[in-house]
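See structure below.
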Amino acid sequence: MNWKIKLLAILMILTILITACGPANFSDVINENNDDNSIKSEPKEGGQVIIPLTNFNTFNPLLTTNSNYYYFSKLIFEGLFDFDVDLNVEPKLVESYFIFNDGKTISLELKSGIRWHDGAQLTTDDVAFTIDVIKYANREGTYGNILRSNLGIDEIDINKVIDTKIIDDRIIEIIFDKAYLNNLEVLTFPIIPKHIFEQNGNNRNSIINALITEDYIPIGTGPYKFVSHEKQKYVNLVKNEDYWNGIPYIDEIKGKILDDEELILTAYEAGHVSFASTVGVDWDKYRQNDRIKVLEYISSNYEFIGFNFNSELMQGEIGQSIRKAISYGINRQDIIHKVYLGHGTQIDVPVHPDSYLVSTNGYTYGYNRDMAINILNDVGFKDIDADNILEDQYGNKLSLRLITNENNKSRRLVCELIKDYLYDIGIDIVLDFDNQYIKEYNLEEEVLLWDELSDKVSKGDFDIALFGWQAPLIPNLYPMYHSSMIEGGTNFINYSDEDMDQLLIDTLIDKTRDEKVDLYDKLQKKIVEDVPYVSLYFINRGILVDTKIQGDLNPTFFNIYNGIENCYIAQ
């Protein structure tokens with residue numbers, strides 16, 4: 001893959017996305033409706049809810065790339081471990097575990113009495129088989145890519161980094177080639193039943209059978225089990241009466257297949273589905289509807305300003321001071337309210353705000369105009385000619401060229417605001433995109449825009465850039481900041497620092513899990529000190545829920561139906 005194509009791919013990923021120095025408190029906006037509008041009743045069994053889906057090509061949870069089915073499949077399948085609301089790992093199908101052999105081996109004991117939806121017993125054979133299937137699928141499988149991107153620091157052969165040793169039906173050892181700090185996090189893949197794929201004891205054929213996409217029958221251990229499916233129309237689930245973690249209240253869950261998110265929202269407003277993800281940021285129109293409540297959560301869409309470290313202006317103490325001044329000089333809460341109507345969460349590091357790994361260092365910068373100006377003055381920038389733009393000792397204006405993907409309306413608005421904020425502290429921002437915003441771009445125009453933007457980034461033809469990442473569920477900042485990733489393209493800002501390189505390695509390999517929180521604290525301290533990015537915020541999303549659905553539904557960006565097995569239909 002040549003550099004230009006690789007950069008285009010990176011930029012495609014980039015678009016997928018306080019005055020007080022602490023996280024915003026969303027306790028008063030979790031339910032956007034007045035409590036008086038909510039239906040109150042005692043939990044009762046029965047009823048049906050309808051979950052929207054978009055067209056997907058397989059029920060196979062190890063191969064799916066459809067986000068709607070990914071959430072839906074969590075009702076059917078479960079993993080050895082799962083993530084809690086703090087993004088920490090907690091046992092799911094595992095009763096107990098311990099890590100030994102200098103962090104390379106994990107011994108797991110499965111919970112007793114867990115059965116597959118067809119009545120067969122869950123055993124360690126199923127665990128070992130699932131890992132073998134993931135290894136065999138390699139790059140073709142969703143979870144092979146997750147293993148590869150979250151274990152090592154270099155390209156790894158997943159057939160060599162992970163192995164299994166079955167002790168008995170309930171105890172298994174999972175053996176890694178190194179001590180990986182994300183060893184438990186990567187064990188959150190769905191476990192599949194070996195016995196339904198077996199043919200005459202030939203394990204290789206069983207593995208191949210488990211990777212089919214057509215006519216795949218989803219059998220898991222989760223709270224709901226598959227009953228029927230009509231292609232491009234619906235999927236029917238019923239509650240698992242033998243569920244190990246308590247029988248669900250709701251009898252049936254129907255997945256209704258629709259063309260796209262806009263149609264899902266239309267279907268929700270018409271009462272044809274029970275849930276819908278919000279589109280855009282204007283959720284206030286739903287406040288007065290007694291049938292609707294909005295549950296807000298922090299998405300994985302992380303927005304930031306990156307700097308071109310090949311620019312002389314970004315070098316040394318002066319460059320660091322400029323980056324810190326910009327961090328103080330941008331009123332991020334104002335942006336969140338003006339552009340996202342309050343639906344955003346400010347943070348100073350590219351770690352999800354819900355994560356237990358976020359330390360106090362993650363909330364270092366608040367909006368402080370005077371602090372920003374003082375920092376610039378201290379390194380020699382003064383307004384010599386009284387035009388409100390600072391100059392260095394040689395009379396050079398402090399002027400920076402800002403790029404973004406100009407077809408993104410929200411980012412264009414943010415750029416305009418950033419220009420105003422930074423003018424207020426003496427920095428001239430030149431917006432390097434067409435002043436005219438085209439509401440709808442055709443495919444040819446979109447490709448042309450990406451091509452132009454990728455050229456600018458690959459040539460280093462920018463000073464600062466407003467982009468976004470989809471922050472991974474498993475934290476890994478190595479691709480963003482490690483110097484080895486400059487050539488790979490993910491470190492497109494050309495940032496290089498030996499101390500940062502070592503910290504990034506330490507958060508991935510050859511350390512113990514007990515050190516993880518401390519290591520991330522050191523990493524965040526380094527990030528806010530060097531400021532390779534000015535972290536802006538994570539964008540919040542919302543899920544619309546029919547108020548007749550009551551209970552502990554607690555959506556997260558990795559499981560928007562989290563807790564539905566404990567919900568019920570109000571009568």
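Going by the structure tokens order, chains are called A, B, ..., each with residues numbered from 1, while ligands are numbered from 1 in the order shown.
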Extract, using only C-alpha atoms, all DNA, RNA and protein residues at most 8 Å from A:Ile474, discarding same-chain residues fewer than 6 positions from it, and format them as a PDB file with C-alpha atoms, in the first residue's frame.
ATOM      1  CA  ASN A 150      -3.891  -4.690  21.275  1.00  0.00           C
ATOM      2  CA  ASN A 182      -4.096  -6.214  27.808  1.00  0.00           C
ATOM      3  CA  GLU A 185      -9.040  -7.322  27.733  1.00  0.00           C
ATOM      4  CA  VAL A 186      -8.489  -9.418  24.616  1.00  0.00           C
TER       5      VAL A 186
END
message: Give me the residues near stretch 105-111 of chain A as a PyMOL selection string, where near means some atom within 7 Å (using only C-alpha atoms) and where sequence neighbours in that chain fewer than 5 positions away do not count.
response: chain A and resi 93-100+170-176
field: Minimum-distance residue to A:Tyr537, chosen among A:Leu443, A:Ile305, A:Leu508, A:Val457 (using only C-alpha atoms)
entry: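 Looking only at the distances to A:Tyr537, the closest residue turns out to be A:Ile305.
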message: Residues within 12 Å of A:Lys231, please, as a VMD selection string. Count only C-alpha atoms; anything in the same chain fewer than 2 positions from it doesn't count.
response: chain A and resid 53 to 59 214 to 215 228 to 229 233 to 236 255 to 258
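Residue nearest A:Lys419, chosen from A:Leu449, A:Ile156, A:Leu477, A:Ile326 and counting only C-alpha atoms: A:Ile326.
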message: What does the structure give for the distance between atom CA of A:Ile373 and atom CA of A:Gly426, in Å to one decimal?
response: 7.5 Å
Tell me, as an mmCIF file with N, CA, C and O atoms, in the first residue's frame, which residues lie within 12 Å of A:Trp283, counting only C-alpha atoms; anything in the same chain fewer than 6 positions away does not count.
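To be explicit, this is the file written out as out-v7.cif:
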data_model
loop_
_atom_site.group_PDB
_atom_site.id
_atom_site.type_symbol
_atom_site.label_atom_id
_atom_site.label_comp_id
_atom_site.auth_asym_id
_atom_site.auth_seq_id
_atom_site.Cartn_x
_atom_site.Cartn_y
_atom_site.Cartn_z
ATOM 1 N N VAL A 29 -28.889 14.543 33.187
ATOM 2 C CA VAL A 29 -29.325 14.454 31.801
ATOM 3 C C VAL A 29 -29.420 13.013 31.313
ATOM 4 O O VAL A 29 -29.631 12.774 30.145
ATOM 5 N N ASN A 31 -31.764 10.891 31.939
ATOM 6 C CA ASN A 31 -33.117 10.811 31.396
ATOM 7 C C ASN A 31 -33.538 12.220 31.048
ATOM 8 O O ASN A 31 -33.734 13.052 31.920
ATOM 9 N N GLU A 32 -33.657 12.512 29.739
ATOM 10 C CA GLU A 32 -33.947 13.877 29.317
ATOM 11 C C GLU A 32 -35.403 14.259 29.547
ATOM 12 O O GLU A 32 -35.794 15.383 29.356
ATOM 13 N N ASN A 33 -36.211 13.286 29.928
ATOM 14 C CA ASN A 33 -37.608 13.574 30.188
ATOM 15 C C ASN A 33 -37.825 13.869 31.660
ATOM 16 O O ASN A 33 -37.074 13.446 32.520
ATOM 17 N N SER A 277 -30.958 5.082 17.875
ATOM 18 C CA SER A 277 -29.847 5.972 18.202
ATOM 19 C C SER A 277 -30.168 7.367 17.689
ATOM 20 O O SER A 277 -30.780 7.524 16.627
ATOM 21 N N ASN A 289 -42.212 14.502 24.784
ATOM 22 C CA ASN A 289 -42.956 13.326 24.337
ATOM 23 C C ASN A 289 -42.981 12.291 25.451
ATOM 24 O O ASN A 289 -41.945 11.768 25.865
ATOM 25 N N ILE A 292 -41.142 8.868 25.057
ATOM 26 C CA ILE A 292 -39.711 8.797 24.765
ATOM 27 C C ILE A 292 -38.876 9.243 25.961
ATOM 28 O O ILE A 292 -39.168 10.249 26.595
ATOM 29 N N LYS A 293 -37.858 8.476 26.258
ATOM 30 C CA LYS A 293 -36.802 8.949 27.152
ATOM 31 C C LYS A 293 -35.482 8.809 26.403
ATOM 32 O O LYS A 293 -35.325 7.946 25.535
ATOM 33 N N VAL A 294 -34.539 9.685 26.720
ATOM 34 C CA VAL A 294 -33.234 9.679 26.062
ATOM 35 C C VAL A 294 -32.169 9.325 27.090
ATOM 36 O O VAL A 294 -32.039 9.998 28.109
ATOM 37 N N LEU A 295 -31.424 8.280 26.814
ATOM 38 C CA LEU A 295 -30.313 7.894 27.670
ATOM 39 C C LEU A 295 -29.015 8.305 26.973
ATOM 40 O O LEU A 295 -28.739 7.871 25.859
ATOM 41 N N GLU A 296 -28.270 9.158 27.632
ATOM 42 C CA GLU A 296 -27.060 9.727 27.040
ATOM 43 C C GLU A 296 -25.825 8.979 27.526
ATOM 44 O O GLU A 296 -25.734 8.592 28.698
ATOM 45 N N TYR A 340 -22.358 21.287 19.800
ATOM 46 C CA TYR A 340 -22.948 19.975 20.136
ATOM 47 C C TYR A 340 -24.094 20.075 21.136
ATOM 48 O O TYR A 340 -24.545 19.050 21.673
ATOM 49 N N LEU A 341 -24.561 21.294 21.387
ATOM 50 C CA LEU A 341 -25.697 21.535 22.285
ATOM 51 C C LEU A 341 -25.500 20.882 23.643
ATOM 52 O O LEU A 341 -26.437 20.384 24.275
ATOM 53 N N GLY A 342 -24.257 20.881 24.094
ATOM 54 C CA GLY A 342 -23.945 20.349 25.420
ATOM 55 C C GLY A 342 -23.589 18.878 25.439
ATOM 56 O O GLY A 342 -23.209 18.352 26.488
ATOM 57 N N HIS A 343 -23.699 18.210 24.298
ATOM 58 C CA HIS A 343 -23.500 16.764 24.270
ATOM 59 C C HIS A 343 -22.047 16.412 23.946
ATOM 60 O O HIS A 343 -21.719 15.907 22.867
ATOM 61 N N ASN A 540 -20.776 13.045 22.884
ATOM 62 C CA ASN A 540 -21.789 12.191 23.505
ATOM 63 C C ASN A 540 -22.835 11.769 22.485
ATOM 64 O O ASN A 540 -23.114 12.509 21.526
ATOM 65 N N ARG A 541 -23.398 10.612 22.689
ATOM 66 C CA ARG A 541 -24.506 10.119 21.874
ATOM 67 C C ARG A 541 -25.682 9.801 22.787
ATOM 68 O O ARG A 541 -25.565 9.779 24.014
ATOM 69 N N GLY A 542 -26.813 9.542 22.173
ATOM 70 C CA GLY A 542 -27.999 9.193 22.940
ATOM 71 C C GLY A 542 -28.750 8.058 22.292
ATOM 72 O O GLY A 542 -28.668 7.852 21.078
ATOM 73 N N ILE A 543 -29.442 7.303 23.097
ATOM 74 C CA ILE A 543 -30.323 6.270 22.585
ATOM 75 C C ILE A 543 -31.739 6.586 23.058
ATOM 76 O O ILE A 543 -31.975 6.885 24.232
ATOM 77 N N LEU A 544 -32.683 6.589 22.093
ATOM 78 C CA LEU A 544 -34.082 6.845 22.396
ATOM 79 C C LEU A 544 -34.725 5.534 22.809
ATOM 80 O O LEU A 544 -34.571 4.511 22.142
#
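Nearest residue to A:Ile564, choosing from A:Asp499, A:Glu262, A:Asp251, A:Glu529 and counting only C-alpha atoms: A:Asp251.
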- request: Grab the atom CA of A:Asn240 to atom CA of A:Leu63 distance for me, in Å with one decimal place.
  value: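 So the answer is 23.8 Å.
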task: Could you please write out, as number ranges by chain, every residue of stretch 151-286 of chain A that DSSP assigns to strand (DSSP E or B)?
output: A: 162-166, 171-176, 180, 190, 224-230, 234-239, 252-258, 275-277
- prompt: Could you pull out all residues of stretch 256-321 of chain A with a DSSP call of helix (DSSP H, G or I) and give them as a ChimeraX atom specification?
  reply: /A:261-269,284-286,312-314,316-321
message: Please compute the atom CA of A:Gly488-atom CA of A:Asp530 distance, one decimal, in Å.
response: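 We find that atom CA of A:Gly488 and atom CA of A:Asp530 lie 21.7 Å from each other.
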- request: Tell me which protein, DNA and RNA residues are within 8 Å of A:Phe309, counting only C-alpha atoms, leaving out same-chain ones fewer than 6 positions away, and put them as an MDAnalysis selection string.
  value: chainID A and resid 315 493:495
- prompt: What lies within 10 Å of A:Ile335 using only C-alpha atoms, ignoring chain neighbours under 2 positions off, as JSON, numbers by chain?
  reply: {"A": [18, 330, 331, 332, 333, 337, 338, 339, 340, 341, 342, 344, 413, 414, 415, 417, 418, 536, 537]}
Got time to write the residues from that selection, N, CA and C atoms, as a compact mmCIF listing (two decimals), in the first residue's frame?
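Writing the result to part_10.txt gives the following:
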# COMPACT_ATOMS: atom_id res chain seq x y z
N ILE A 18 -13.44 23.37 29.70
CA ILE A 18 -14.22 23.29 30.91
C ILE A 18 -13.55 24.32 31.77
N ILE A 330 -8.42 27.73 24.23
CA ILE A 330 -9.65 27.29 23.57
C ILE A 330 -10.70 26.97 24.61
N ASN A 331 -11.84 27.61 24.50
CA ASN A 331 -12.94 27.38 25.43
C ASN A 331 -13.75 26.17 24.96
N ARG A 332 -13.36 25.00 25.41
CA ARG A 332 -13.97 23.78 24.92
C ARG A 332 -15.42 23.61 25.38
N GLN A 333 -15.72 24.08 26.57
CA GLN A 333 -17.11 23.99 27.02
C GLN A 333 -18.02 24.85 26.14
N HIS A 337 -21.18 23.41 23.90
CA HIS A 337 -22.54 23.94 23.99
C HIS A 337 -23.02 24.55 22.67
N LYS A 338 -22.13 25.23 21.96
CA LYS A 338 -22.56 25.90 20.73
C LYS A 338 -22.69 24.95 19.55
N VAL A 339 -21.79 24.00 19.45
CA VAL A 339 -21.78 23.10 18.29
C VAL A 339 -22.52 21.80 18.58
N TYR A 340 -22.36 21.29 19.80
CA TYR A 340 -22.95 19.97 20.14
C TYR A 340 -24.09 20.07 21.14
N LEU A 341 -24.56 21.29 21.39
CA LEU A 341 -25.70 21.53 22.29
C LEU A 341 -25.50 20.88 23.64
N GLY A 342 -24.26 20.88 24.09
CA GLY A 342 -23.94 20.35 25.42
C GLY A 342 -23.59 18.88 25.44
N GLY A 344 -21.19 16.70 24.90
CA GLY A 344 -19.77 16.38 24.76
C GLY A 344 -19.13 16.34 26.13
N LEU A 413 -17.46 24.45 11.90
CA LEU A 413 -17.93 25.39 12.92
C LEU A 413 -16.94 25.49 14.06
N VAL A 414 -16.39 24.33 14.46
CA VAL A 414 -15.40 24.33 15.53
C VAL A 414 -14.16 25.12 15.12
N CYS A 415 -13.74 24.96 13.88
CA CYS A 415 -12.57 25.71 13.39
C CYS A 415 -12.81 27.21 13.47
N LEU A 417 -14.72 28.79 15.56
CA LEU A 417 -14.66 29.18 16.97
C LEU A 417 -13.22 29.19 17.46
N ILE A 418 -12.45 28.18 17.07
CA ILE A 418 -11.04 28.13 17.48
C ILE A 418 -10.29 29.35 16.96
N LEU A 536 -9.64 17.76 22.72
CA LEU A 536 -10.79 18.65 22.83
C LEU A 536 -11.89 18.02 23.68
N TYR A 537 -12.47 16.93 23.20
CA TYR A 537 -13.61 16.31 23.90
C TYR A 537 -13.96 15.00 23.21
